[in-house]
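Novice: If it helps, the file is called run.cif and holds mmCIF, C-alpha atoms:
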```cif
data_my_file
#
loop_
_atom_site.label_atom_id
_atom_site.label_comp_id
_atom_site.auth_asym_id
_atom_site.auth_seq_id
_atom_site.Cartn_x
_atom_site.Cartn_y
_atom_site.Cartn_z
CA MET A 721 72.80 88.18 -21.67
CA VAL A 722 70.42 86.00 -19.77
CA GLY A 723 70.99 85.94 -16.00
CA PHE A 724 71.41 82.64 -14.32
CA MET A 725 68.84 81.85 -11.58
CA ALA A 726 69.58 79.10 -9.13
CA PRO A 727 66.78 76.60 -8.69
CA PRO A 728 64.92 76.86 -5.36
CA ARG A 729 66.01 74.50 -2.69
CA LYS A 730 63.65 71.68 -1.93
CA SER A 731 63.12 70.74 1.65
CA LYS A 732 64.01 67.21 2.53
CA PRO A 733 60.86 65.30 3.32
CA GLY A 734 62.66 62.93 5.64
CA LYS A 735 63.81 65.71 7.95
CA SER A 736 60.33 67.30 8.07
CA ASN A 737 58.66 64.01 8.87
CA ALA A 738 61.20 63.31 11.57
CA SER A 739 60.53 66.65 13.26
CA LYS A 740 56.79 66.00 13.18
CA ALA A 741 57.26 62.54 14.64
CA SER A 742 59.32 63.93 17.50
CA ALA A 743 56.58 66.40 18.56
CA PRO A 744 54.97 65.28 21.84
CA ALA A 745 51.47 63.91 21.63
CA PRO A 746 48.80 65.95 23.43
CA LEU A 747 47.94 64.68 26.88
CA PRO A 748 44.50 63.07 27.24
CA ASP A 749 41.88 64.84 29.31
CA PRO A 750 41.10 63.41 32.75
CA PRO A 751 37.63 61.96 33.26
CA THR A 752 34.88 64.16 34.63
CA PRO A 753 33.66 63.34 38.17
CA ALA A 754 30.23 62.42 36.77
CA THR A 755 31.84 59.65 34.71
CA LEU A 756 32.42 57.71 37.93
CA LEU A 757 28.68 57.73 38.61
CA VAL A 758 27.69 56.76 35.06
CA SER A 759 30.40 54.20 34.31
CA PRO A 760 33.13 53.42 36.89
CA ARG A 761 34.94 51.30 34.30
CA SER A 762 35.17 54.19 31.83
CA PHE A 763 36.30 56.47 34.65
CA VAL A 764 39.13 54.09 35.54
CA LEU A 765 40.24 53.64 31.92
CA GLN A 766 40.45 57.40 31.40
CA LEU A 767 42.09 57.97 34.77
CA GLN A 768 44.86 55.49 34.01
CA GLU A 769 45.80 57.56 30.95
CA VAL A 770 46.74 60.61 33.05
CA ASP A 771 49.22 61.21 35.85
CA LEU A 772 48.11 61.07 39.46
CA VAL A 773 47.17 64.55 40.70
CA TRP A 774 45.78 64.43 44.23
CA TRP A 775 44.07 67.85 44.03
CA ARG A 776 42.36 67.13 40.69
CA TYR A 777 38.86 66.71 42.18
CA VAL A 778 39.18 68.53 45.51
CA TRP A 779 36.72 71.15 44.25
CA VAL A 780 33.97 68.52 44.08
CA PRO A 781 33.70 67.96 47.88
CA ALA A 782 33.98 71.73 48.33
CA VAL A 783 30.97 72.33 46.07
CA ALA A 784 29.07 69.49 47.77
CA GLY A 785 29.80 71.00 51.18
CA LEU A 786 28.75 74.45 50.04
CA LEU A 787 25.37 73.20 48.78
CA GLY A 788 24.92 70.99 51.84
CA GLY A 789 25.59 73.97 54.10
CA LEU A 790 23.13 76.07 52.16
CA ALA A 791 20.45 73.37 52.46
CA TYR A 792 21.07 73.07 56.22
CA THR A 793 21.02 76.87 56.71
CA LEU A 794 17.73 77.25 54.85
CA LEU A 795 16.18 74.57 57.04
CA VAL A 796 17.32 75.73 60.47
CA ARG A 797 16.72 79.44 59.84
CA HIS A 798 13.07 78.99 60.79
CA ALA A 799 13.99 77.44 64.14
CA ALA A 800 16.44 80.22 64.99
CA ALA A 801 13.95 82.93 64.01
CA PHE A 802 11.22 81.20 66.03
CA ALA A 803 13.42 81.11 69.14
CA ALA A 804 14.32 84.78 68.76
CA ALA A 805 10.70 85.84 68.22
CA ASN A 806 9.50 84.11 71.40
CA SER A 807 12.37 85.15 73.67
CA GLU A 808 14.50 88.17 74.34
CA THR A 809 17.38 87.08 72.12
CA ALA A 810 18.34 88.82 68.89
CA ALA A 811 17.42 87.26 65.59
CA PRO A 812 20.31 85.53 63.82
CA GLY A 813 21.99 87.62 61.16
CA LEU A 814 23.81 86.96 57.93
CA ALA A 815 27.00 86.09 59.81
CA THR A 816 25.31 83.08 61.42
CA SER A 817 24.21 81.78 58.03
CA ALA A 818 27.69 82.31 56.61
CA VAL A 819 29.21 80.35 59.49
CA ASN A 820 26.82 77.45 58.86
CA VAL A 821 27.58 77.35 55.14
CA LEU A 822 31.35 77.72 55.47
CA GLY A 823 31.46 75.32 58.40
CA ASN A 824 29.70 72.64 56.39
CA THR A 825 32.03 73.26 53.44
CA PHE A 826 35.05 72.78 55.69
CA LEU A 827 33.48 69.63 57.12
CA SER A 828 32.95 68.19 53.65
CA VAL A 829 36.57 68.84 52.65
CA PHE A 830 37.74 67.35 55.96
CA ILE A 831 35.72 64.19 55.28
CA PHE A 832 37.33 63.99 51.83
CA VAL A 833 40.81 64.22 53.39
CA LEU A 834 39.84 61.52 55.89
CA MET A 835 38.54 59.27 53.10
CA TRP A 836 41.70 59.87 51.12
CA GLY A 837 43.97 59.03 54.04
CA PHE A 838 42.21 55.84 55.13
CA GLY A 839 41.60 54.83 51.51
CA ARG A 840 45.29 55.26 50.70
CA VAL A 841 46.21 53.01 53.62
CA GLY A 842 43.74 50.32 52.56
CA ALA A 843 44.06 50.35 48.77
CA GLY A 844 47.68 51.37 48.38
CA PHE A 845 49.17 53.70 45.79
CA LYS A 846 47.40 52.06 42.84
CA GLY A 847 43.98 52.75 44.33
CA ARG A 848 44.40 56.49 43.62
CA ALA A 849 42.22 57.24 46.65
CA ALA A 850 42.47 61.05 46.40
CA GLU A 851 41.04 61.16 42.89
CA VAL A 852 38.49 58.37 43.30
CA TYR A 853 37.08 59.67 46.57
CA GLY A 854 37.13 63.25 45.32
CA ALA A 855 35.13 62.32 42.23
CA SER A 856 32.64 60.29 44.32
CA PHE A 857 31.37 63.53 45.88
CA ALA A 858 29.74 64.31 42.51
CA LEU A 859 26.78 62.31 43.82
CA MET A 860 25.95 64.88 46.50
CA PRO A 861 25.37 68.28 44.75
CA PRO A 862 22.24 67.25 42.80
CA LEU A 863 20.79 65.65 45.94
CA TYR A 864 21.41 68.77 48.02
CA LEU A 865 19.91 70.90 45.26
CA LEU A 866 16.78 68.76 45.48
CA VAL A 867 16.62 69.35 49.25
CA ILE A 868 17.02 73.11 48.68
CA VAL A 869 14.14 73.15 46.20
CA VAL A 870 11.87 71.17 48.55
CA THR A 871 12.79 73.50 51.43
CA LEU A 872 11.99 76.63 49.46
CA LEU A 873 8.66 75.21 48.32
CA THR A 874 7.59 74.25 51.86
CA PRO A 875 5.55 76.90 53.75
CA ALA A 876 7.45 78.45 56.68
CA ALA A 877 4.69 77.57 59.16
CA THR A 878 5.32 73.88 58.52
CA PHE A 879 8.72 74.13 60.21
CA LEU A 880 7.35 75.64 63.43
CA PRO A 881 5.68 74.01 66.47
CA ASP A 882 1.93 74.21 66.92
CA ALA A 883 0.90 77.68 68.08
CA ALA A 884 -1.24 76.15 70.85
CA GLY A 885 1.79 74.59 72.51
CA VAL A 886 4.20 77.50 72.22
CA GLY A 887 3.25 78.87 75.66
CA ALA A 888 4.23 75.61 77.34
CA LEU A 889 7.77 75.87 75.97
CA GLY A 890 8.63 78.89 78.09
CA SER A 891 11.06 81.60 77.04
CA ASP A 892 14.34 79.71 77.03
CA PRO A 893 15.68 80.20 73.47
CA ARG A 894 17.46 76.84 73.52
CA VAL A 895 14.27 74.99 74.37
CA LEU A 896 12.35 76.93 71.75
CA GLU A 897 14.94 76.24 69.08
CA ARG A 898 15.11 72.52 69.88
CA ALA A 899 11.32 72.28 69.64
CA ALA A 900 11.38 73.98 66.25
CA LEU A 901 14.23 71.75 65.05
CA ALA A 902 12.25 68.68 66.11
CA GLN A 903 9.34 69.94 64.04
CA THR A 904 11.69 70.69 61.14
CA PHE A 905 12.86 67.08 61.12
CA GLN A 906 9.23 65.98 60.74
CA THR A 907 8.92 67.84 57.44
CA SER A 908 9.78 66.29 54.08
CA ALA A 909 12.68 68.71 53.63
CA GLY A 910 14.20 68.01 57.05
CA PHE A 911 13.90 64.25 56.65
CA ALA A 912 15.33 64.46 53.12
CA LEU A 913 18.41 66.35 54.31
CA VAL A 914 19.21 63.69 56.91
CA VAL A 915 18.64 60.85 54.43
CA VAL A 916 20.72 62.51 51.70
CA THR A 917 23.56 63.26 54.09
CA LEU A 918 23.80 59.76 55.57
CA LEU A 919 22.64 57.44 52.79
CA GLY A 920 24.23 59.60 50.08
CA THR A 921 27.58 59.33 51.86
CA ALA A 922 27.16 55.56 52.16
CA ALA A 923 26.31 55.32 48.46
CA GLN A 924 29.57 57.05 47.55
CA PHE A 925 31.49 54.02 48.76
CA GLY A 926 29.70 51.78 46.27
CA PHE A 927 31.11 53.84 43.38
CA VAL A 928 34.50 53.96 45.08
CA TYR A 929 34.66 50.18 45.40
CA ALA A 930 33.69 49.70 41.74
CA ALA A 931 36.60 51.95 40.70
CA MET A 932 39.18 50.60 43.14
CA ARG A 933 38.36 47.01 42.21
CA GLN A 934 39.71 47.74 38.73
CA LEU A 935 42.60 49.92 39.85
CA THR A 936 44.10 47.58 42.44
CA ASP A 937 45.78 44.22 41.95
CA ARG A 938 43.92 42.33 44.67
CA PRO A 939 40.23 42.47 45.67
CA ILE A 940 41.16 42.77 49.36
CA GLN A 941 42.84 46.10 48.63
CA ALA A 942 39.66 47.46 47.09
CA VAL A 943 37.64 46.21 50.07
CA MET A 944 40.00 47.73 52.62
CA GLY A 945 40.28 50.98 50.69
CA THR A 946 36.49 51.24 50.79
CA LEU A 947 35.69 50.00 54.29
CA LEU A 948 38.37 51.78 56.33
CA PRO A 949 36.99 55.31 55.75
CA LEU A 950 33.31 54.26 55.80
CA LEU A 951 32.56 54.34 59.52
CA PRO A 952 34.55 57.52 60.35
CA ALA A 953 32.89 59.40 57.47
CA LEU A 954 29.40 58.30 58.52
CA ILE A 955 30.06 59.26 62.16
CA ILE A 956 31.16 62.77 61.17
CA GLN A 957 28.14 63.22 58.91
CA LEU A 958 25.89 61.97 61.72
CA ILE A 959 27.35 64.61 64.03
CA GLY A 960 26.68 67.22 61.36
CA VAL A 961 22.94 66.46 61.20
CA SER A 962 22.54 65.62 64.90
CA PRO A 963 20.84 68.97 65.74
CA LEU A 964 17.98 67.86 63.49
CA LEU A 965 18.06 64.15 64.16
CA PHE A 966 18.19 64.27 67.97
CA ALA A 967 16.20 67.47 68.64
CA ARG A 968 13.50 67.04 71.30
#
```
Rewrite the coordinates I just gave you, this time as structure tokens.
Specialist:
Amino acid sequence: MVGFMAPPRKSKPGKSNASKASAPAPLPDPPTPATLLVSPRSFVLQLQEVDLVWWRYVWVPAVAGLLGGLAYTLLVRHAAAFAAANSETAAPGLATSAVNVLGNTFLSVFIFVLMWGFGRVGAGFKGRAAEVYGASFALMPPLYLLVIVVTLLTPAATFLPDAAGVGALGSDPRVLERAALAQTFQTSAGFALVVVTLLGTAAQFGFVYAAMRQLTDRPIQAVMGTLLPLLPALIIQLIGVSPLLFAR
């Protein structure tokens, strides 16, 4: 007697296709910060495909501030050591360098928050100021790295006042340090740090305007979103480099 075997059940293609069609499509990746520098239009097109996340690029100003603080610390360390060597004060330690680096990092993030706030007021919600301004800080790390390289390649004696005039400065560590800072500003590395800090910050707003012009409905919104944070940001950066710029 031959046993009866039931034929295997065939899956219904319609049901399988329906389940596949209902699966959510993968979310697109957000644009990299460097995309804003290479092609603001491509940056905007990719950014419009993802949800607004205000903290998406907050790490970019943090990295820029960290490298900027390192560049500043490497420059002014010669002035502090010079003042300590020619007076009775102790030489600055690692804690002083850490304070300079972390302080500059905090300052950079604070400037980003300021840009975001004023940019949001000027450009409105569609301007996506937090993401656009955060990504614009991608301009600064390679410039600060260039300053660091130039600083490390410059002989230490170049940052110090002429040995013949050291006696006329006296023993006041503040006077000695200001004299060394004035000499530091005369070097290529010192001048480059000031230029990168001020002109680099100003250049960020050019990329921001190019992005906001496509994100906002009216040109005036892009203009206001760019101009409102410009002066406050430049003033804060000017204060940051003032020990070099106004040393006498």
Novice: Name the residues captured by the PyMOL selection byres ((chain A and resi 840) around 12) when it is applied to the shown file; answer as number ranges by chain.
Specialist: A: 774, 832-839, 841-853, 932, 936, 941-949
Novice: Between atom CA of A:Ala804 and atom CA of A:Pro875, what is the distance, to one decimal in Å?
Specialist: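 One can read the atom CA of A:Ala804 to atom CA of A:Pro875 distance as 19.1 Å.
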Novice: For this file, the PyMOL selection byres ((chain A and resi 799-802) around 9) selects which residues, as a PyMOL selection string?
Specialist: chain A and resi 795-798+803-807+810-812+879-880+893+896-901+903-904
Novice: Measure the distance from atom CA of A:Leu756 to atom CA of A:Ala782 in Å and round it to one decimal.
Specialist: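 That distance, rounded to one decimal, is 17.5 Å.
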Novice: Nearest to A:Ile868 among A:Leu786, A:Ser828, A:Asp892, A:Phe925, with distances taken over all atoms listed in the file: which residue is it?
Specialist: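 Under the stated criterion, the closest residue is A:Leu786.
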Novice: Exactly which residues make up the result of the PyMOL selection byres ((chain A and resi 784) around 12) on this file, given as a PyMOL selection string?
Specialist: chain A and resi 777-783+785-791+821-822+824-829+831-832+854-865+916-917+920-921
Novice: At most 9 Å is the cut-off: for each residue in stretch 930-960 of chain A with any atom that close to an atom of stretch 764-773 of chain A, write down the nearest atom pair and the distance in Å rounded to one decimal, counting all atoms listed in the file, chain first then increasing number, as a tab-separated table.
Specialist:
```
residue	atom	partner	partner_atom	distance
A:Ala931	CA	A:Val764	CA	6.1
A:Met932	CA	A:Val764	CA	8.4
A:Gln934	CA	A:Val764	CA	7.1
A:Leu935	CA	A:Val764	CA	6.9
```
